[in-house]
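A.B. asks: Pasting input_33.cif below, which is mmCIF, C-alpha atoms.
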data_structure
#
loop_
_atom_site.label_atom_id
_atom_site.label_comp_id
_atom_site.auth_asym_id
_atom_site.auth_seq_id
_atom_site.Cartn_x
_atom_site.Cartn_y
_atom_site.Cartn_z
CA MET A 1 76.04 78.90 136.28
CA LEU A 2 73.13 80.85 137.74
CA ILE A 3 74.44 84.03 136.20
CA GLY A 4 74.74 82.22 132.89
CA ILE A 5 71.12 81.12 133.03
CA THR A 6 69.95 84.61 133.99
CA ALA A 7 71.91 86.08 131.12
CA LEU A 8 70.34 83.53 128.78
CA PHE A 9 66.83 84.49 129.83
CA ALA A 10 67.67 88.19 129.70
CA GLY A 11 68.90 87.57 126.15
CA LYS A 12 65.72 85.72 125.22
CA ALA A 13 63.48 88.57 126.26
CA SER A 14 65.50 91.20 124.45
CA TYR A 15 64.32 90.53 120.94
CA TYR A 16 60.98 90.93 119.21
CA GLU A 17 58.46 88.15 119.47
CA LEU A 18 55.49 87.74 117.13
CA GLY A 19 52.97 90.53 117.62
CA GLU A 20 55.48 92.91 119.16
CA THR A 21 56.12 96.41 117.86
CA VAL A 22 59.47 97.09 116.23
CA LYS A 23 61.31 100.23 117.30
CA ASN A 24 62.41 102.62 114.60
CA PHE A 25 65.91 102.07 113.24
CA THR A 26 68.10 104.01 110.84
CA LEU A 27 70.86 102.38 108.79
CA LYS A 28 73.08 103.30 105.84
CA ASN A 29 72.02 102.07 102.43
CA VAL A 30 74.35 100.99 99.60
CA ASP A 31 73.68 104.38 97.93
CA GLY A 32 75.18 106.12 100.98
CA LYS A 33 71.83 107.52 102.14
CA MET A 34 70.28 106.72 105.50
CA VAL A 35 67.06 104.67 105.54
CA SER A 36 64.68 104.48 108.52
CA LEU A 37 61.83 102.11 109.17
CA SER A 38 59.72 105.24 109.74
CA ASP A 39 60.28 106.15 106.06
CA TYR A 40 57.73 103.38 105.38
CA LYS A 41 54.95 104.85 107.54
CA ASP A 42 52.69 105.17 104.50
CA LYS A 43 53.14 101.51 103.55
CA ALA A 44 50.97 98.61 104.68
CA GLY A 45 54.07 96.86 105.96
CA VAL A 46 57.67 95.92 105.24
CA ILE A 47 59.39 92.62 104.45
CA VAL A 48 62.62 92.91 106.45
CA ILE A 49 65.24 90.35 105.38
CA PHE A 50 68.54 89.85 107.18
CA ASP A 51 70.78 88.76 104.33
CA CYS A 52 74.36 88.83 103.17
CA ASN A 53 76.60 88.53 100.12
CA THR A 54 78.48 85.37 100.93
CA CYS A 55 76.18 82.67 102.27
CA PRO A 56 75.23 79.88 99.82
CA PHE A 57 71.63 80.14 101.06
CA SER A 58 71.60 83.91 100.47
CA LYS A 59 72.94 83.32 96.97
CA ALA A 60 70.31 80.66 96.35
CA TYR A 61 67.55 83.02 97.52
CA ASN A 62 68.86 86.19 95.89
CA ASP A 63 66.56 86.18 92.88
CA ARG A 64 63.60 85.14 95.02
CA ILE A 65 64.16 88.16 97.27
CA ILE A 66 64.21 90.43 94.21
CA SER A 67 60.94 88.83 93.04
CA LEU A 68 59.36 89.36 96.44
CA ASN A 69 60.04 93.08 96.14
CA ASN A 70 58.91 93.20 92.50
CA HIS A 71 55.70 91.48 93.42
CA TYR A 72 54.84 93.06 96.77
CA ALA A 73 56.32 96.60 96.83
CA SER A 74 53.46 97.89 94.68
CA LYS A 75 51.01 96.09 96.97
CA GLY A 76 52.30 97.94 100.03
CA TYR A 77 54.92 95.46 101.27
CA PRO A 78 58.38 96.44 99.99
CA VAL A 79 61.55 94.53 100.86
CA VAL A 80 64.23 96.04 103.08
CA ALA A 81 67.37 93.91 103.17
CA ILE A 82 69.90 94.28 105.98
CA ASN A 83 73.42 92.86 106.16
CA ALA A 84 74.72 92.51 109.73
CA ASN A 85 77.75 90.30 109.08
CA ASN A 86 80.99 91.50 110.60
CA PRO A 87 83.18 92.18 107.52
CA GLU A 88 86.29 91.45 109.56
CA GLN A 89 85.18 87.83 109.74
CA SER A 90 83.55 87.85 106.35
CA PRO A 91 85.43 90.18 103.96
CA GLY A 92 82.94 89.42 101.18
CA ASP A 93 80.35 91.30 103.21
CA SER A 94 82.20 94.62 103.34
CA PHE A 95 80.24 97.74 102.45
CA SER A 96 81.95 98.02 99.04
CA GLU A 97 81.08 94.36 98.27
CA MET A 98 77.48 95.08 99.27
CA VAL A 99 77.46 98.04 96.86
CA SER A 100 78.73 95.79 94.02
CA LEU A 101 76.19 93.06 94.71
CA ALA A 102 73.31 95.54 94.82
CA LYS A 103 74.53 97.10 91.54
CA GLY A 104 75.18 93.78 89.84
CA LYS A 105 71.76 92.44 90.81
CA ASN A 106 69.99 95.77 90.16
CA TYR A 107 68.47 95.85 93.63
CA ASN A 108 65.46 98.14 93.56
CA PHE A 109 65.14 98.02 97.34
CA PRO A 110 67.46 99.13 100.14
CA TYR A 111 70.38 96.93 101.17
CA LEU A 112 71.39 98.35 104.51
CA VAL A 113 74.51 97.78 106.57
CA ASP A 114 73.96 97.03 110.27
CA GLU A 115 77.46 97.93 111.38
CA THR A 116 76.81 97.78 115.13
CA GLN A 117 74.67 94.63 114.67
CA ASP A 118 72.17 96.20 117.06
CA VAL A 119 69.23 95.95 114.66
CA ALA A 120 69.87 92.27 113.94
CA LYS A 121 70.11 91.61 117.68
CA SER A 122 66.89 93.51 118.40
CA PHE A 123 65.08 91.32 115.85
CA GLY A 124 66.67 88.14 117.14
CA ALA A 125 67.96 87.42 113.64
CA THR A 126 70.24 84.39 113.58
CA ASN A 127 70.67 83.24 110.00
CA THR A 128 70.81 84.57 106.49
CA PRO A 129 68.36 84.95 104.89
CA HIS A 130 66.07 85.44 107.90
CA VAL A 131 62.75 87.12 107.16
CA PHE A 132 60.58 89.30 109.40
CA VAL A 133 57.30 90.47 107.88
CA LEU A 134 56.09 93.64 109.58
CA GLN A 135 52.56 94.97 109.43
CA ASN A 136 51.90 98.66 109.86
CA GLU A 137 49.12 99.13 112.40
CA ALA A 138 48.54 102.87 112.90
CA GLN A 139 52.27 103.63 112.47
CA ASN A 140 53.30 100.72 114.68
CA PHE A 141 55.22 98.06 112.80
CA LYS A 142 54.27 94.72 114.30
CA VAL A 143 56.05 91.42 113.65
CA VAL A 144 53.60 89.03 111.97
CA TYR A 145 55.91 86.44 110.40
CA ILE A 146 59.38 85.16 111.32
CA GLY A 147 61.31 82.57 109.39
CA THR A 148 62.35 81.30 106.02
CA ILE A 149 61.15 82.30 102.54
CA ASP A 150 59.88 78.94 101.31
CA ASN A 151 60.41 75.23 101.72
CA ASN A 152 63.12 74.61 99.16
CA SER A 153 66.33 76.50 99.69
CA ARG A 154 68.09 74.94 96.75
CA ASN A 155 65.51 75.12 94.03
CA ALA A 156 62.90 77.87 93.80
CA SER A 157 60.74 75.99 91.31
CA ALA A 158 60.56 72.96 93.60
CA ALA A 159 59.24 74.97 96.56
CA THR A 160 55.72 73.88 97.44
CA LYS A 161 55.19 76.10 100.49
CA LYS A 162 55.88 79.81 100.07
CA TYR A 163 55.71 81.02 103.64
CA VAL A 164 56.46 84.71 103.04
CA GLU A 165 54.18 85.00 100.02
CA ASP A 166 51.40 83.22 101.92
CA ALA A 167 51.86 85.57 104.88
CA VAL A 168 51.82 88.74 102.80
CA ASP A 169 48.94 87.54 100.59
CA ALA A 170 46.93 86.92 103.75
CA LEU A 171 47.70 90.39 105.11
CA ILE A 172 46.69 91.97 101.80
CA ALA A 173 43.41 90.02 101.95
CA ASN A 174 42.86 91.18 105.57
CA LYS A 175 43.28 87.62 106.81
CA SER A 176 45.51 86.29 109.52
CA VAL A 177 48.87 84.84 108.54
CA PRO A 178 48.43 81.05 108.06
CA LEU A 179 51.84 80.04 109.44
CA SER A 180 53.59 82.79 111.38
CA LYS A 181 56.79 81.06 112.37
CA THR A 182 59.15 78.69 110.56
CA LYS A 183 62.72 77.61 111.13
CA ALA A 184 65.50 78.04 108.66
CA ILE A 185 68.89 76.58 108.18
CA GLY A 186 71.16 79.21 106.83
CA CYS A 187 74.54 80.65 107.57
CA GLY A 188 74.75 82.06 111.06
CA ILE A 189 75.18 85.83 111.20
CA LYS A 190 78.88 86.59 111.74
CA TRP A 191 78.80 88.38 115.09
CA LYS A 192 81.57 90.58 116.37
CA GLU A 193 83.53 88.94 119.19
CA MET B 194 109.35 40.91 94.44
CA MET B 195 108.43 40.91 98.09
CA PRO B 196 109.34 44.51 98.92
CA ARG B 197 107.33 45.63 95.91
CA PHE B 198 104.29 43.71 97.15
CA VAL B 199 104.68 45.29 100.61
CA LEU B 200 104.95 48.71 99.02
CA MET B 201 101.78 48.16 97.00
CA LEU B 202 99.95 46.85 100.04
CA THR B 203 101.02 49.91 102.01
CA MET B 204 99.73 52.13 99.22
CA VAL B 205 96.40 50.34 99.07
CA LEU B 206 95.94 50.40 102.86
CA GLY B 207 97.12 53.99 102.99
CA CYS B 208 94.48 54.91 100.49
CA THR B 209 91.66 53.25 102.40
CA ASN B 210 92.65 55.31 105.39
CA LEU B 211 93.38 58.58 103.71
CA CYS B 212 91.34 58.79 100.56
CA GLY B 213 88.77 56.00 100.76
CA GLN B 214 86.17 57.97 102.69
CA THR B 215 83.53 59.68 100.59
CA ALA B 216 80.25 61.31 101.48
CA GLU B 217 76.92 59.70 100.77
CA VAL B 218 73.89 61.80 99.77
CA VAL B 219 70.95 60.69 101.91
CA LYS B 220 67.34 61.50 102.80
CA PHE B 221 66.09 62.14 106.32
CA GLU B 222 65.23 58.49 106.97
CA ARG B 223 68.93 57.62 106.85
CA LEU B 224 69.64 60.28 109.50
CA GLU B 225 66.73 59.07 111.58
CA THR B 226 68.24 55.58 111.51
CA ALA B 227 71.45 57.08 112.94
CA LEU B 228 69.44 58.99 115.56
CA LYS B 229 67.74 55.79 116.71
CA SER B 230 70.62 53.37 116.25
CA LYS B 231 71.67 51.37 119.30
CA THR B 232 74.73 49.69 117.83
CA SER B 233 77.09 51.97 119.76
CA GLU B 234 76.77 53.16 123.32
CA VAL B 235 76.94 56.80 122.33
CA GLN B 236 75.87 58.42 119.05
CA ILE B 237 77.41 61.77 118.17
CA ILE B 238 75.81 63.66 115.32
CA ASN B 239 77.27 66.93 114.13
CA PHE B 240 75.60 69.25 111.61
CA TRP B 241 78.07 71.24 109.55
CA ALA B 242 78.83 72.51 106.06
CA THR B 243 82.01 73.26 104.13
CA TRP B 244 80.93 76.92 103.83
CA CYS B 245 80.45 77.29 107.59
CA GLY B 246 83.67 78.63 109.13
CA PRO B 247 82.94 77.83 112.78
CA CYS B 248 81.84 74.30 111.74
CA VAL B 249 85.07 73.66 109.87
CA GLN B 250 87.06 74.97 112.85
CA GLU B 251 85.57 72.43 115.25
CA LEU B 252 85.84 69.37 112.95
CA PRO B 253 89.28 68.46 114.41
CA PHE B 254 87.53 67.79 117.76
CA PHE B 255 85.48 65.07 116.09
CA GLN B 256 88.48 63.72 114.20
CA SER B 257 90.61 63.45 117.34
CA LEU B 258 87.75 61.77 119.20
CA GLN B 259 87.38 59.32 116.31
CA ASP B 260 91.13 58.62 116.38
CA LYS B 261 91.16 57.63 120.03
CA HIS B 262 87.71 56.17 120.63
CA ASP B 263 87.23 52.50 121.49
CA GLY B 264 84.22 51.61 119.38
CA SER B 265 81.70 52.52 122.07
CA LEU B 266 80.75 55.63 120.17
CA LYS B 267 79.77 56.44 116.62
CA ILE B 268 80.34 59.83 115.01
CA THR B 269 78.28 60.97 112.04
CA LEU B 270 79.07 64.26 110.36
CA VAL B 271 75.93 65.52 108.62
CA SER B 272 76.82 67.99 105.89
CA LEU B 273 74.16 70.53 104.96
CA ASP B 274 75.99 71.46 101.79
CA PHE B 275 73.65 71.34 98.83
CA ALA B 276 73.61 67.80 97.39
CA ASP B 277 75.02 68.95 94.05
CA LYS B 278 78.19 70.05 95.90
CA ILE B 279 79.14 66.44 96.66
CA SER B 280 82.46 66.62 94.82
CA ALA B 281 83.44 69.71 96.82
CA VAL B 282 82.52 67.88 100.02
CA ASN B 283 84.58 64.85 98.95
CA SER B 284 87.61 67.01 98.16
CA PHE B 285 87.18 68.62 101.56
CA ILE B 286 87.09 65.20 103.26
CA ARG B 287 90.29 64.20 101.46
CA GLU B 288 92.04 67.46 102.20
CA LYS B 289 91.15 67.38 105.91
CA LYS B 290 91.65 63.57 106.10
CA LEU B 291 88.29 63.15 107.81
CA SER B 292 87.58 59.58 108.84
CA PRO B 293 84.19 59.80 110.68
CA GLU B 294 81.27 58.96 108.44
CA VAL B 295 80.02 61.92 106.39
CA ILE B 296 76.50 62.08 104.97
CA ILE B 297 75.02 64.92 102.93
CA LEU B 298 71.43 65.44 103.93
CA ASP B 299 69.46 66.21 100.78
CA GLU B 300 66.32 67.59 102.41
CA PRO B 301 65.87 71.25 101.46
CA ASP B 302 62.49 71.47 103.22
CA TYR B 303 64.03 72.10 106.61
CA ASN B 304 60.80 72.61 108.51
CA SER B 305 59.78 69.06 107.67
CA TRP B 306 62.61 67.60 109.76
CA ILE B 307 64.40 70.12 112.03
CA ASP B 308 62.09 69.40 114.95
CA ARG B 309 62.55 65.65 114.47
CA VAL B 310 66.26 66.12 115.20
CA ASP B 311 65.62 68.34 118.23
CA SER B 312 62.73 70.70 118.86
CA ARG B 313 65.12 73.22 120.48
CA TRP B 314 67.11 73.62 117.28
CA THR B 315 66.55 76.96 115.52
CA GLY B 316 68.47 75.76 112.49
CA ALA B 317 71.85 77.40 113.09
CA ILE B 318 75.00 75.37 112.50
CA PRO B 319 77.26 74.09 113.87
CA ALA B 320 74.92 71.99 116.00
CA THR B 321 75.90 68.81 117.83
CA LEU B 322 73.76 66.08 119.29
CA VAL B 323 75.15 63.52 121.75
CA ILE B 324 72.88 60.58 122.55
CA ASN B 325 73.18 57.76 125.05
CA THR B 326 71.51 55.06 122.96
CA ALA B 327 70.58 52.91 125.97
CA THR B 328 68.93 55.55 128.15
CA GLY B 329 67.92 58.03 125.47
CA ASN B 330 69.75 60.78 127.40
CA ARG B 331 70.73 63.49 125.00
CA LYS B 332 72.61 66.77 124.91
CA PHE B 333 72.07 69.27 122.13
CA VAL B 334 74.45 72.15 121.51
CA GLU B 335 73.63 74.76 118.88
CA ARG B 336 76.93 76.66 118.74
CA PRO B 337 80.60 75.91 118.22
CA LEU B 338 82.10 73.49 120.76
CA LYS B 339 84.98 74.40 123.01
CA GLU B 340 88.00 72.18 123.41
CA GLY B 341 87.17 69.26 125.72
CA GLU B 342 83.44 69.98 125.63
CA LEU B 343 82.64 66.97 123.47
CA GLU B 344 84.23 64.63 126.02
CA GLN B 345 82.22 66.36 128.78
CA LEU B 346 78.97 65.94 126.81
CA ILE B 347 79.69 62.22 126.46
CA LEU B 348 80.21 61.95 130.23
CA ASP B 349 77.02 63.95 130.79
CA VAL B 350 74.83 61.59 128.75
CA LYS B 351 76.43 58.53 130.34
CA ASN B 352 75.51 59.72 133.86
#
Please re-express this file's structure in structure tokens.
C.D. replies:
Amino acid sequence: MLIGITALFAGKASYYELGETVKNFTLKNVDGKMVSLSDYKDKAGVIVIFDCNTCPFSKAYNDRIISLNNHYASKGYPVVAINANNPEQSPGDSFSEMVSLAKGKNYNFPYLVDETQDVAKSFGATNTPHVFVLQNEAQNFKVVYIGTIDNNSRNASAATKKYVEDAVDALIANKSVPLSKTKAIGCGIKWKE
Amino acid sequence: MMPRFVLMLTMVLGCTNLCGQTAEVVKFERLETALKSKTSEVQIINFWATWCGPCVQELPFFQSLQDKHDGSLKITLVSLDFADKISAVNSFIREKKLSPEVIILDEPDYNSWIDRVDSRWTGAIPATLVINTATGNRKFVERPLKEGELEQLILDVKN
């Protein structure tokens, strides 16, 4: 029991909290090229979204994620989507299925595969979609928002609180993020056994 | 005449057991009523969805508990499927012959209610809440249950 509790605490401390600096990572994109967080060193920040092909919530948010990139990439906050689902448990999340989704939806941002699931674990990502807004402070990417995209998973037009937009708008205006942490119900990331 | 009547009666009763159960689409207040209800000694509330593999896998634990319980506990299966998927949820209930009550929680603004269920909940499902309605003792588990764990949780809240 004691060991269990220790392990639990050790696990808690091992992912990024708000304000912490994210270590560089390098993952394969759907175009076969490798993408690193450090490739974004000239950007004001990055909107990292742990996402997948198969989850009903991911499907419901798909177009909203594309809009986020369309709206914020030019303002210095591009989207980087990462799929960490184990394709053995979720065949619809295989690399080739990721390639088809990105093509079909004309993704103009990276959709990276986190095969070892190490990046998702380091972020403490649990669900899809799970958003981490990073702010670039002198080449250090700091976590400034963790949570869900907005307050209506089912219907974009009915959302009255747009957490990610509000966070990024505040950063662009040199203000602090109004609400830096929200919870989200989504599909749990399919972890390897 | 008589055997025919018996046959029909069997069919009707069979249907109430096997295909009578349907899900109701509700708002948070309905769930809150279940959370606070004191009509049974123990309230068991499970959050699941038809698209959630680990949730579907553990549903038989709730069904078998329902089959053998003595009325001292009440099981509510709270589906987080989108409300417009009600017919899919109902087909699922029929296919799996689920008899515990199923409600579909139509509250897409999760941050307005997650903490009112349990402040420890990050939002992942399956999640199961076991409440002793007399003492307010509660156990919250935000992961799939193991075989026999549900019975242990009930004992835990009773002590």
A.B. asks: Return as a Markdown table the residues of chain A lying at most 9 Å from chain B, together with the closest atom-to-atom pair for each and the distance in Å to one decimal, counting all atoms listed in the file, with rows in chain order and ascending residue number.
C.D. replies:
| residue | atom | partner | partner_atom | distance |
| --- | --- | --- | --- | --- |
| A:Cys55 | CA | B:Trp244 | CA | 7.6 |
| A:Pro56 | CA | B:Trp244 | CA | 7.6 |
| A:Thr126 | CA | B:Ala317 | CA | 7.2 |
| A:Asn127 | CA | B:Ala317 | CA | 6.7 |
| A:Asp150 | CA | B:Asp302 | CA | 8.1 |
| A:Asn151 | CA | B:Asp302 | CA | 4.6 |
| A:Asn152 | CA | B:Pro301 | CA | 4.9 |
| A:Ser153 | CA | B:Pro301 | CA | 5.6 |
| A:Arg154 | CA | B:Pro301 | CA | 6.4 |
| A:Asn155 | CA | B:Pro301 | CA | 8.4 |
| A:Ala159 | CA | B:Asp302 | CA | 8.2 |
| A:Thr182 | CA | B:Asn304 | CA | 6.6 |
| A:Lys183 | CA | B:Thr315 | CA | 5.9 |
| A:Ala184 | CA | B:Gly316 | CA | 5.4 |
| A:Ile185 | CA | B:Gly316 | CA | 4.4 |
| A:Gly186 | CA | B:Ala317 | CA | 6.6 |
| A:Cys187 | CA | B:Cys245 | CA | 6.8 |
| A:Gly188 | CA | B:Ala317 | CA | 5.9 |
A.B. asks: If you apply the PyMOL selection byres ((chain B and resi 234) around 6) to this file, what residues do you get, as number ranges by chain?
C.D. replies: B: 233, 235, 265-266, 326
A.B. asks: On this structure, the PyMOL selection byres ((chain A and resi 69-75) around 10) would catch which residues? List them as an mmCIF file with C-alpha atoms, in the frame of the given file, sorted by chain and number.
C.D. replies:
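Result went into expr_16.cif, see below:
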data_model
loop_
_atom_site.group_PDB
_atom_site.id
_atom_site.type_symbol
_atom_site.label_atom_id
_atom_site.label_comp_id
_atom_site.auth_asym_id
_atom_site.auth_seq_id
_atom_site.Cartn_x
_atom_site.Cartn_y
_atom_site.Cartn_z
ATOM 1 C CA LYS A 43 53.140 101.510 103.550
ATOM 2 C CA ALA A 44 50.970 98.610 104.680
ATOM 3 C CA GLY A 45 54.070 96.860 105.960
ATOM 4 C CA VAL A 46 57.670 95.920 105.240
ATOM 5 C CA ILE A 47 59.390 92.620 104.450
ATOM 6 C CA ARG A 64 63.600 85.140 95.020
ATOM 7 C CA ILE A 65 64.160 88.160 97.270
ATOM 8 C CA ILE A 66 64.210 90.430 94.210
ATOM 9 C CA SER A 67 60.940 88.830 93.040
ATOM 10 C CA LEU A 68 59.360 89.360 96.440
ATOM 11 C CA GLY A 76 52.300 97.940 100.030
ATOM 12 C CA TYR A 77 54.920 95.460 101.270
ATOM 13 C CA PRO A 78 58.380 96.440 99.990
ATOM 14 C CA VAL A 79 61.550 94.530 100.860
ATOM 15 C CA VAL A 80 64.230 96.040 103.080
ATOM 16 C CA TYR A 107 68.470 95.850 93.630
ATOM 17 C CA ASN A 108 65.460 98.140 93.560
ATOM 18 C CA PHE A 109 65.140 98.020 97.340
ATOM 19 C CA GLU A 165 54.180 85.000 100.020
ATOM 20 C CA VAL A 168 51.820 88.740 102.800
ATOM 21 C CA ASP A 169 48.940 87.540 100.590
ATOM 22 C CA ILE A 172 46.690 91.970 101.800
#
A.B. asks: Which residues, written as a count of residues only, have at least one atom at most 10 Å from region 12-21 of chain A, with only C-alpha atoms counted and residues fewer than 5 positions away on the same chain left out?
C.D. replies: 25
A.B. asks: Would you translate the PyMOL selection byres ((chain A and resi 93) around 12) into the concrete set of residues it matches in this file, as a ChimeraX atom specification?
C.D. replies: /A:30,51-55,58,82-92,94-102,111-115,189-190
